[in-house]
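A short worksheet on the structure shown next.
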Amino acid sequence: MLLEIKNLFFSHRPDQPLFQNFNLRVEEGKIIALAGESGCGKSTLLNLIYGLLEWGKGEIIFNGKPILGPTKNLVPGEENMKLVAQNYDLMPYSTVADNVGKFISNINLLEKKEKVQELLAVVGLEEFENTLPKFLSGGQMQRVAIARALSVMPRLLLLDEPFSNLDFSRKIELRERLFNYVREKNISLLISTHEIQEVMPWLDQIIVLQEGRLIQNDNAEETYSRPYNQYVASLFGEVNVFSDEDKQIYNLPKNFWYPHEIKIAEEGKEVEVLESRFSGSYYWNKISLNGKKLVIYTPEQIGGKCKITF
């Protein structure tokens, strides 16, 4: 086991505990997402794992050795672990290439330059190698920090909202290059995100946090198809929630239905269409089922009354 957290207790304030008896195990070579709404503890957990915060009780064990907090370890972090937080800590008067190569040995300068070029290609910044950080956007600085963290080939890479400052096209480009690279190099990746659908195709595991509690810990398909509760389901976007009573009334096999799972049909339950709006690859529709409002996606615009099946 690469990383193990045992019975962790942590609190920002004595009267406001965040993690209580928290347990987690991370296997080597996995790409794992920490998911949950803002304030659920994602960033705090990454900082605890990296040894930036002091916790009350419990153990964090990395590569068979206990992680020490800041009072016992003056230089935070472990030799085979890197954290890219949301403050990038770049050297302001060094070029992008020098920032990326900061931790690479100077013994073989040609080899170092090749490695820097390789990492700049991973994050899509080849043309900025001679640029100073002050001339970069926030998203570009974020990518420099990721490339620098990869330069030491850590066994575990911790990324805190790594795509938060990127526009959509850059986000698509970076996530594929990054995930393929860490998979190829067998680097374990723990990534915090509130946009779980954007990284889901590359994930081995999703850990869902809610107010410091571990709500669900499954592979991506299981988490999406069988969410533990409404909170988990809502992390994937819009969701229609049926109470246990509604479930019995409509004879439904589950409580949570994503909009694309409810279909227009010739036979089924009659509904009234309240709104139908173009949304790119589908139409977004608000419908009423006996007064209960639902959202469904359809390939064409709809109106009036129609029938649906689940």
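Chain lettering (A, B, ...) mirrors the order of the structure tokens, residue numbering begins at 1 for each chain separately, and ligand numbering begins at 1 in order of display.
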
Handout entry: stretch 117-127 of chain A environment, 7 Å, only C-alpha atoms, sequence neighbours closer than 4 positions dropped, as a count of residues only
Key = 6

Exercise for the section: Name the residues in contact with stretch 151-165 of chain A at a cut-off of 9 Å, using only C-alpha atoms, excluding same-chain residues fewer than 6 positions from it; report them as a VMD selection string. Expected result: chain A and resid 2 to 3 28 to 29 42 to 43 46 49 to 50 63 79 to 86 100 to 104 115 to 116 119 137 to 140 142 to 143 171 174 to 175 182 185 to 195

Practice task
Enumerate, as a ChimeraX atom specification, the complete set of residues in stretch 120-197 of chain A that a backbone-based DSSP assignment places in alpha helix (DSSP H).
Solution key: /A:120-122,138-150,168-184

Write to file, as a compact mmCIF listing (two decimals), in the first residue's frame, the residues of the selection just made, with N, CA, C and O atoms.
# COMPACT_ATOMS: atom_id res chain seq x y z
N LEU A 120 7.72 20.15 -20.75
CA LEU A 120 7.02 21.29 -21.34
C LEU A 120 6.01 20.83 -22.39
O LEU A 120 4.93 21.42 -22.54
N ALA A 121 6.35 19.76 -23.10
CA ALA A 121 5.42 19.19 -24.09
C ALA A 121 4.20 18.58 -23.40
O ALA A 121 3.07 18.69 -23.90
N VAL A 122 4.42 17.96 -22.25
CA VAL A 122 3.31 17.35 -21.50
C VAL A 122 2.28 18.41 -21.13
O VAL A 122 1.07 18.19 -21.22
N GLY A 138 -2.51 32.83 -15.13
CA GLY A 138 -2.62 31.93 -13.98
C GLY A 138 -2.63 30.48 -14.41
O GLY A 138 -1.98 29.63 -13.78
N GLY A 139 -3.33 30.18 -15.48
CA GLY A 139 -3.37 28.81 -15.98
C GLY A 139 -2.02 28.32 -16.46
O GLY A 139 -1.66 27.16 -16.27
N GLN A 140 -1.25 29.21 -17.12
CA GLN A 140 0.08 28.83 -17.58
C GLN A 140 1.03 28.60 -16.42
O GLN A 140 1.83 27.66 -16.43
N MET A 141 0.96 29.45 -15.39
CA MET A 141 1.79 29.24 -14.20
C MET A 141 1.45 27.92 -13.52
O MET A 141 2.32 27.21 -13.02
N GLN A 142 0.18 27.57 -13.53
CA GLN A 142 -0.27 26.31 -12.97
C GLN A 142 0.38 25.13 -13.71
O GLN A 142 0.85 24.17 -13.09
N ARG A 143 0.45 25.24 -15.01
CA ARG A 143 1.05 24.16 -15.81
C ARG A 143 2.56 24.06 -15.60
O ARG A 143 3.12 22.97 -15.59
N VAL A 144 3.22 25.22 -15.39
CA VAL A 144 4.66 25.19 -15.08
C VAL A 144 4.89 24.45 -13.77
O VAL A 144 5.81 23.63 -13.65
N ALA A 145 4.06 24.73 -12.77
CA ALA A 145 4.19 24.07 -11.47
C ALA A 145 3.98 22.56 -11.57
O ALA A 145 4.67 21.78 -10.91
N ILE A 146 3.05 22.15 -12.42
CA ILE A 146 2.82 20.71 -12.62
C ILE A 146 4.03 20.06 -13.28
O ILE A 146 4.48 18.99 -12.86
N ALA A 147 4.58 20.70 -14.30
CA ALA A 147 5.76 20.16 -14.99
C ALA A 147 6.94 20.06 -14.02
O ALA A 147 7.69 19.07 -14.04
N ARG A 148 7.13 21.06 -13.18
CA ARG A 148 8.22 21.04 -12.20
C ARG A 148 8.05 19.89 -11.21
O ARG A 148 9.01 19.21 -10.86
N ALA A 149 6.81 19.65 -10.77
CA ALA A 149 6.55 18.55 -9.84
C ALA A 149 6.83 17.20 -10.50
O ALA A 149 7.34 16.27 -9.86
N LEU A 150 6.52 17.08 -11.78
CA LEU A 150 6.76 15.83 -12.51
C LEU A 150 8.26 15.58 -12.74
O LEU A 150 8.66 14.43 -12.96
N PHE A 168 -11.41 26.03 -21.58
CA PHE A 168 -11.92 24.69 -21.90
C PHE A 168 -11.00 23.92 -22.86
O PHE A 168 -10.70 22.75 -22.63
N SER A 169 -10.53 24.59 -23.91
CA SER A 169 -9.70 23.89 -24.90
C SER A 169 -8.38 23.44 -24.30
O SER A 169 -7.91 22.32 -24.55
N ARG A 170 -7.74 24.28 -23.48
CA ARG A 170 -6.48 23.92 -22.83
C ARG A 170 -6.70 22.80 -21.81
O ARG A 170 -5.85 21.95 -21.61
N LYS A 171 -7.84 22.84 -21.16
CA LYS A 171 -8.17 21.84 -20.16
C LYS A 171 -8.24 20.45 -20.80
O LYS A 171 -7.69 19.48 -20.27
N ILE A 172 -8.90 20.36 -21.94
CA ILE A 172 -9.01 19.08 -22.65
C ILE A 172 -7.63 18.57 -23.04
O ILE A 172 -7.31 17.39 -22.87
N GLU A 173 -6.80 19.47 -23.58
CA GLU A 173 -5.46 19.11 -24.04
C GLU A 173 -4.58 18.64 -22.88
O GLU A 173 -3.90 17.60 -22.97
N LEU A 174 -4.59 19.39 -21.77
CA LEU A 174 -3.70 19.07 -20.65
C LEU A 174 -4.10 17.78 -19.96
O LEU A 174 -3.25 16.97 -19.62
N ARG A 175 -5.39 17.59 -19.71
CA ARG A 175 -5.80 16.42 -18.93
C ARG A 175 -5.40 15.12 -19.63
O ARG A 175 -4.95 14.19 -18.98
N GLU A 176 -5.54 15.07 -20.96
CA GLU A 176 -5.18 13.84 -21.67
C GLU A 176 -3.67 13.61 -21.63
O GLU A 176 -3.21 12.50 -21.35
N ARG A 177 -2.88 14.64 -21.89
CA ARG A 177 -1.42 14.51 -21.86
C ARG A 177 -0.93 14.14 -20.47
O ARG A 177 -0.07 13.27 -20.29
N LEU A 178 -1.48 14.82 -19.47
CA LEU A 178 -1.04 14.60 -18.10
C LEU A 178 -1.36 13.19 -17.62
O LEU A 178 -0.50 12.49 -17.08
N PHE A 179 -2.61 12.77 -17.80
CA PHE A 179 -3.01 11.45 -17.31
C PHE A 179 -2.28 10.33 -18.05
O PHE A 179 -1.90 9.32 -17.45
N ASN A 180 -2.07 10.51 -19.34
CA ASN A 180 -1.33 9.49 -20.09
C ASN A 180 0.12 9.42 -19.62
O ASN A 180 0.71 8.33 -19.55
N TYR A 181 0.70 10.58 -19.29
CA TYR A 181 2.11 10.61 -18.85
C TYR A 181 2.28 9.93 -17.50
O TYR A 181 3.19 9.11 -17.32
N VAL A 182 1.42 10.25 -16.53
CA VAL A 182 1.57 9.64 -15.21
C VAL A 182 1.29 8.14 -15.27
O VAL A 182 1.90 7.35 -14.55
N ARG A 183 0.38 7.74 -16.16
CA ARG A 183 0.10 6.31 -16.33
C ARG A 183 1.32 5.60 -16.92
O ARG A 183 1.72 4.53 -16.46
N GLU A 184 1.93 6.22 -17.91
CA GLU A 184 3.11 5.64 -18.56
C GLU A 184 4.28 5.51 -17.59
O GLU A 184 5.01 4.52 -17.60

Completion exercise
Counting only C-alpha atoms, closest pick from A:Leu8, A:Val232, A:Ala97, A:Ala220 relative to A:Gly58 is A:Leu8

Completion exercise
If you count only C-alpha atoms, the residue of A:Phe256, A:Glu245, A:Met91, A:Glu59 closest to A:Pro227 turns out to be A:Phe256

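Residue nearest A:Leu48 within the list A:Thr298, A:Asn21, A:Gly36, A:Phe9: A:Phe9 [criterion: smallest interatomic distance, only C-alpha atoms].
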
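Within 8 Å of A:Leu203, once only C-alpha atoms are used and residues closer than 3 positions along the same chain are dropped, the contacting residues are Lys30, Ile31, Ile32, Ala33, Val199, Met200, Ile206, Asn219 and Ala220 of chain A.
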
Practice task
Go ahead and compute the interatomic distance for atom CA of A:Ser225 and atom CA of A:Lys292, in Å to one decimal.
Solution key: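 Those two atoms sit 22.8 Å apart.
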
Handout entry: Test item: residues at most 12 Å from A:Pro70, only C-alpha atoms, excluding those fewer than 3 positions along its chain, as a PyMOL selection string
Key = chain A and resi 47-55+67+73-77

How about saving the chosen residues, all heavy atoms kept, as a tab-separated table (two decimals), in the first residue's frame?
chain	number	residue	atom	x	y	z
A	47	ASN	N	-3.01	18.75	1.95
A	47	ASN	CA	-1.99	19.42	2.77
A	47	ASN	C	-1.58	18.57	3.96
A	47	ASN	O	-0.41	18.58	4.37
A	47	ASN	CB	-2.53	20.77	3.26
A	47	ASN	CG	-2.57	21.82	2.17
A	47	ASN	OD1	-1.73	21.83	1.27
A	47	ASN	ND2	-3.55	22.70	2.23
A	48	LEU	N	-2.50	17.82	4.52
A	48	LEU	CA	-2.17	16.90	5.60
A	48	LEU	C	-1.26	15.78	5.11
A	48	LEU	O	-0.27	15.43	5.75
A	48	LEU	CB	-3.45	16.31	6.20
A	48	LEU	CG	-4.26	17.23	7.12
A	48	LEU	CD1	-5.67	16.70	7.30
A	48	LEU	CD2	-3.56	17.37	8.46
A	49	ILE	N	-1.60	15.21	3.95
A	49	ILE	CA	-0.79	14.13	3.39
A	49	ILE	C	0.63	14.61	3.11
A	49	ILE	O	1.61	13.88	3.33
A	49	ILE	CB	-1.45	13.58	2.11
A	49	ILE	CG1	-2.76	12.86	2.44
A	49	ILE	CG2	-0.51	12.63	1.36
A	49	ILE	CD1	-3.60	12.50	1.23
A	50	TYR	N	0.77	15.85	2.67
A	50	TYR	CA	2.08	16.39	2.33
A	50	TYR	C	2.85	16.89	3.57
A	50	TYR	O	4.00	17.29	3.47
A	50	TYR	CB	1.93	17.53	1.32
A	50	TYR	CG	3.19	17.85	0.56
A	50	TYR	CD1	3.82	16.86	-0.21
A	50	TYR	CD2	3.76	19.12	0.60
A	50	TYR	CE1	4.98	17.15	-0.92
A	50	TYR	CE2	4.90	19.41	-0.11
A	50	TYR	CZ	5.51	18.41	-0.87
A	50	TYR	OH	6.67	18.70	-1.56
A	51	GLY	N	2.18	16.87	4.71
A	51	GLY	CA	2.84	17.26	5.95
A	51	GLY	C	2.88	18.75	6.21
A	51	GLY	O	3.72	19.22	6.99
A	52	LEU	N	1.97	19.50	5.60
A	52	LEU	CA	1.95	20.96	5.80
A	52	LEU	C	1.13	21.37	7.02
A	52	LEU	O	1.25	22.49	7.48
A	52	LEU	CB	1.38	21.65	4.55
A	52	LEU	CG	2.21	21.52	3.27
A	52	LEU	CD1	1.48	22.21	2.12
A	52	LEU	CD2	3.60	22.11	3.45
A	53	LEU	N	0.28	20.46	7.49
A	53	LEU	CA	-0.59	20.77	8.63
A	53	LEU	C	-0.36	19.74	9.74
A	53	LEU	O	-0.04	18.58	9.47
A	53	LEU	CB	-2.06	20.75	8.20
A	53	LEU	CG	-2.50	21.77	7.15
A	53	LEU	CD1	-3.94	21.51	6.73
A	53	LEU	CD2	-2.33	23.19	7.66
A	54	GLU	N	-0.58	20.20	10.95
A	54	GLU	CA	-0.46	19.30	12.11
A	54	GLU	C	-1.84	18.74	12.45
A	54	GLU	O	-2.82	19.47	12.48
A	54	GLU	CB	0.06	20.10	13.31
A	54	GLU	CG	0.73	19.26	14.37
A	54	GLU	CD	2.08	18.74	13.91
A	54	GLU	OE1	2.87	19.50	13.32
A	54	GLU	OE2	2.33	17.54	14.15
A	55	TRP	N	-1.92	17.44	12.66
A	55	TRP	CA	-3.19	16.82	13.02
A	55	TRP	C	-3.18	16.37	14.48
A	55	TRP	O	-2.13	16.27	15.11
A	55	TRP	CB	-3.52	15.65	12.10
A	55	TRP	CG	-2.50	14.56	12.06
A	55	TRP	CD1	-2.46	13.43	12.81
A	55	TRP	CD2	-1.36	14.47	11.19
A	55	TRP	NE1	-1.38	12.66	12.50
A	55	TRP	CE2	-0.68	13.27	11.49
A	55	TRP	CE3	-0.84	15.29	10.17
A	55	TRP	CZ2	0.47	12.88	10.82
A	55	TRP	CZ3	0.31	14.89	9.52
A	55	TRP	CH2	0.95	13.70	9.84
A	67	ILE	N	4.27	9.95	7.94
A	67	ILE	CA	4.46	11.35	7.57
A	67	ILE	C	4.52	12.17	8.85
A	67	ILE	O	3.76	11.96	9.78
A	67	ILE	CB	3.28	11.83	6.69
A	67	ILE	CG1	3.22	11.06	5.37
A	67	ILE	CG2	3.36	13.33	6.44
A	67	ILE	CD1	4.31	11.39	4.40
A	73	ASN	N	8.97	18.18	11.17
A	73	ASN	CA	9.67	18.12	9.89
A	73	ASN	C	9.77	19.54	9.34
A	73	ASN	O	8.80	20.06	8.80
A	73	ASN	CB	8.93	17.20	8.91
A	73	ASN	CG	9.73	16.91	7.66
A	73	ASN	OD1	10.88	17.31	7.54
A	73	ASN	ND2	9.11	16.21	6.73
A	74	LEU	N	10.94	20.18	9.50
A	74	LEU	CA	11.09	21.58	9.12
A	74	LEU	C	10.91	21.81	7.62
A	74	LEU	O	10.41	22.85	7.20
A	74	LEU	CB	12.46	22.10	9.56
A	74	LEU	CG	12.69	22.14	11.08
A	74	LEU	CD1	14.09	22.62	11.39
A	74	LEU	CD2	11.66	23.03	11.75
A	75	VAL	N	11.33	20.83	6.81
A	75	VAL	CA	11.13	20.91	5.36
A	75	VAL	C	10.00	19.95	5.01
A	75	VAL	O	10.18	18.74	5.05
A	75	VAL	CB	12.41	20.53	4.58
A	75	VAL	CG1	12.16	20.63	3.09
A	75	VAL	CG2	13.56	21.43	5.00
A	76	PRO	N	8.81	20.47	4.70
A	76	PRO	CA	7.66	19.59	4.48
A	76	PRO	C	7.81	18.75	3.22
A	76	PRO	O	8.58	19.06	2.32
A	76	PRO	CB	6.50	20.57	4.35
A	76	PRO	CG	7.13	21.84	3.87
A	76	PRO	CD	8.48	21.88	4.52
A	77	GLY	N	7.04	17.66	3.20
A	77	GLY	CA	7.05	16.79	2.04
A	77	GLY	C	7.99	15.62	2.20
A	77	GLY	O	8.84	15.59	3.09

Problem - Pairwise distance for atom CA of A:Lys305 and atom CA of A:Gln248, rounded to one decimal in Å - result: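 Computing it gives 23.6 Å between the two atoms.
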
Exercise for the section: For A:Gly41, list every protein, DNA or RNA residue within 12 Å, evaluated using only C-alpha atoms, and leave out those in the same chain fewer than 2 positions away; present the list as number ranges by chain. Expected result: A: 10-12, 17-20, 22, 34-39, 43-48, 160, 192-194, 207-214

Take the selection from the previous step and output its residues with N, CA and C atoms, as a CSV table (one decimal), in the first residue's frame.
chain,number,residue,atom,x,y,z
A,10,PHE,N,-8.6,15.8,12.7
A,10,PHE,CA,-8.0,17.1,12.4
A,10,PHE,C,-9.1,18.1,12.6
A,11,SER,N,-8.7,19.3,13.1
A,11,SER,CA,-9.6,20.4,13.3
A,11,SER,C,-8.9,21.7,13.0
A,12,HIS,N,-9.5,22.6,12.3
A,12,HIS,CA,-9.0,23.9,12.1
A,12,HIS,C,-9.2,24.7,13.4
A,17,PRO,N,-14.4,20.4,14.4
A,17,PRO,CA,-13.6,19.3,13.8
A,17,PRO,C,-14.0,19.0,12.3
A,18,LEU,N,-13.0,18.7,11.5
A,18,LEU,CA,-13.2,18.4,10.1
A,18,LEU,C,-13.1,16.9,9.8
A,19,PHE,N,-12.0,16.3,10.1
A,19,PHE,CA,-11.8,14.9,10.0
A,19,PHE,C,-11.9,14.2,11.3
A,20,GLN,N,-12.7,13.2,11.5
A,20,GLN,CA,-12.9,12.5,12.7
A,20,GLN,C,-12.8,11.0,12.4
A,22,PHE,N,-10.9,9.4,10.4
A,22,PHE,CA,-10.8,9.3,9.0
A,22,PHE,C,-9.8,8.2,8.5
A,34,LEU,N,-10.2,13.1,-5.6
A,34,LEU,CA,-10.9,13.6,-4.4
A,34,LEU,C,-12.0,14.5,-4.8
A,35,ALA,N,-13.3,14.1,-4.6
A,35,ALA,CA,-14.4,14.9,-5.1
A,35,ALA,C,-15.3,15.4,-4.0
A,36,GLY,N,-15.9,16.5,-4.2
A,36,GLY,CA,-16.8,17.1,-3.2
A,36,GLY,C,-17.0,18.6,-3.4
A,37,GLU,N,-18.0,19.1,-2.8
A,37,GLU,CA,-18.2,20.6,-2.9
A,37,GLU,C,-17.2,21.4,-2.2
A,38,SER,N,-17.1,22.6,-2.4
A,38,SER,CA,-16.1,23.5,-1.8
A,38,SER,C,-16.3,23.4,-0.3
A,39,GLY,N,-15.2,23.3,0.5
A,39,GLY,CA,-15.2,23.3,1.9
A,39,GLY,C,-15.4,21.9,2.5
A,43,SER,N,-8.7,20.1,-0.2
A,43,SER,CA,-7.4,20.7,-0.1
A,43,SER,C,-6.7,20.5,1.2
A,44,THR,N,-7.5,20.5,2.3
A,44,THR,CA,-6.9,20.2,3.6
A,44,THR,C,-6.3,18.8,3.7
A,45,LEU,N,-7.0,17.9,3.1
A,45,LEU,CA,-6.5,16.5,3.1
A,45,LEU,C,-5.2,16.4,2.4
A,46,LEU,N,-5.1,17.0,1.2
A,46,LEU,CA,-3.8,17.0,0.5
A,46,LEU,C,-2.7,17.7,1.3
A,47,ASN,N,-3.0,18.8,1.9
A,47,ASN,CA,-2.0,19.4,2.8
A,47,ASN,C,-1.6,18.6,4.0
A,48,LEU,N,-2.5,17.8,4.5
A,48,LEU,CA,-2.2,16.9,5.6
A,48,LEU,C,-1.3,15.8,5.1
A,160,ASP,N,-4.0,19.9,-6.5
A,160,ASP,CA,-5.1,20.6,-5.9
A,160,ASP,C,-5.8,21.4,-7.0
A,192,SER,N,-7.6,16.6,-6.5
A,192,SER,CA,-8.8,17.2,-6.0
A,192,SER,C,-9.5,17.9,-7.1
A,193,THR,N,-10.8,17.8,-7.2
A,193,THR,CA,-11.6,18.5,-8.2
A,193,THR,C,-13.0,18.6,-7.8
A,194,HIS,N,-13.7,19.7,-8.3
A,194,HIS,CA,-15.1,19.8,-8.1
A,194,HIS,C,-15.8,19.6,-9.5
A,207,ILE,N,-13.0,9.2,-4.6
A,207,ILE,CA,-13.2,9.3,-3.2
A,207,ILE,C,-14.0,10.6,-2.9
A,208,VAL,N,-15.2,10.4,-2.4
A,208,VAL,CA,-16.2,11.5,-2.3
A,208,VAL,C,-16.2,11.9,-0.8
A,209,LEU,N,-15.9,13.2,-0.6
A,209,LEU,CA,-15.9,13.8,0.8
A,209,LEU,C,-17.1,14.7,1.0
A,210,GLN,N,-17.6,14.7,2.2
A,210,GLN,CA,-18.7,15.7,2.5
A,210,GLN,C,-18.4,16.1,4.0
A,211,GLU,N,-18.1,17.4,4.1
A,211,GLU,CA,-17.8,17.9,5.5
A,211,GLU,C,-16.8,17.0,6.3
A,212,GLY,N,-15.8,16.6,5.6
A,212,GLY,CA,-14.7,15.8,6.2
A,212,GLY,C,-15.0,14.3,6.3
A,213,ARG,N,-16.2,13.9,5.9
A,213,ARG,CA,-16.5,12.5,6.0
A,213,ARG,C,-16.3,11.8,4.6
A,214,LEU,N,-15.9,10.6,4.6
A,214,LEU,CA,-15.7,9.8,3.4
A,214,LEU,C,-17.1,9.2,3.1

Handout entry: Near-stretch 260-274 of chain A list (6 Å; only C-alpha atoms; drop same-chain fewer than 6 positions) as a PyMOL selection string
Key = chain A and resi 286-289+296-297+303-310

Exercise for the section: Tell me, in Å to one decimal, how far atom CA of A:Ile302 is from atom CA of A:Gln230. Expected result: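 Separation of atom CA of A:Ile302 and atom CA of A:Gln230: 27.4 Å.
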
Handout entry: DSSP strand (DSSP E) residues within stretch 24-252 of chain A, as a PyMOL selection string
Key = chain A and resi 24-26+31-35+57-62+65-66+81-84+156-160+188-193+205-210+213-218+240-241

Handout entry: Shortest interatomic distance to A:Ser279 - which of A:Met1, A:Gln205, A:Ala233, A:Glu300, counting only C-alpha atoms
Key =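 Smallest distance to A:Ser279 is found for A:Glu300.
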
Fill in the blank from the handout: Nearest to A:Asn255, restricted to only C-alpha atoms and choosing among A:Val241, A:Ser105, A:Trp202, A:Asn130, comes out as A:Val241
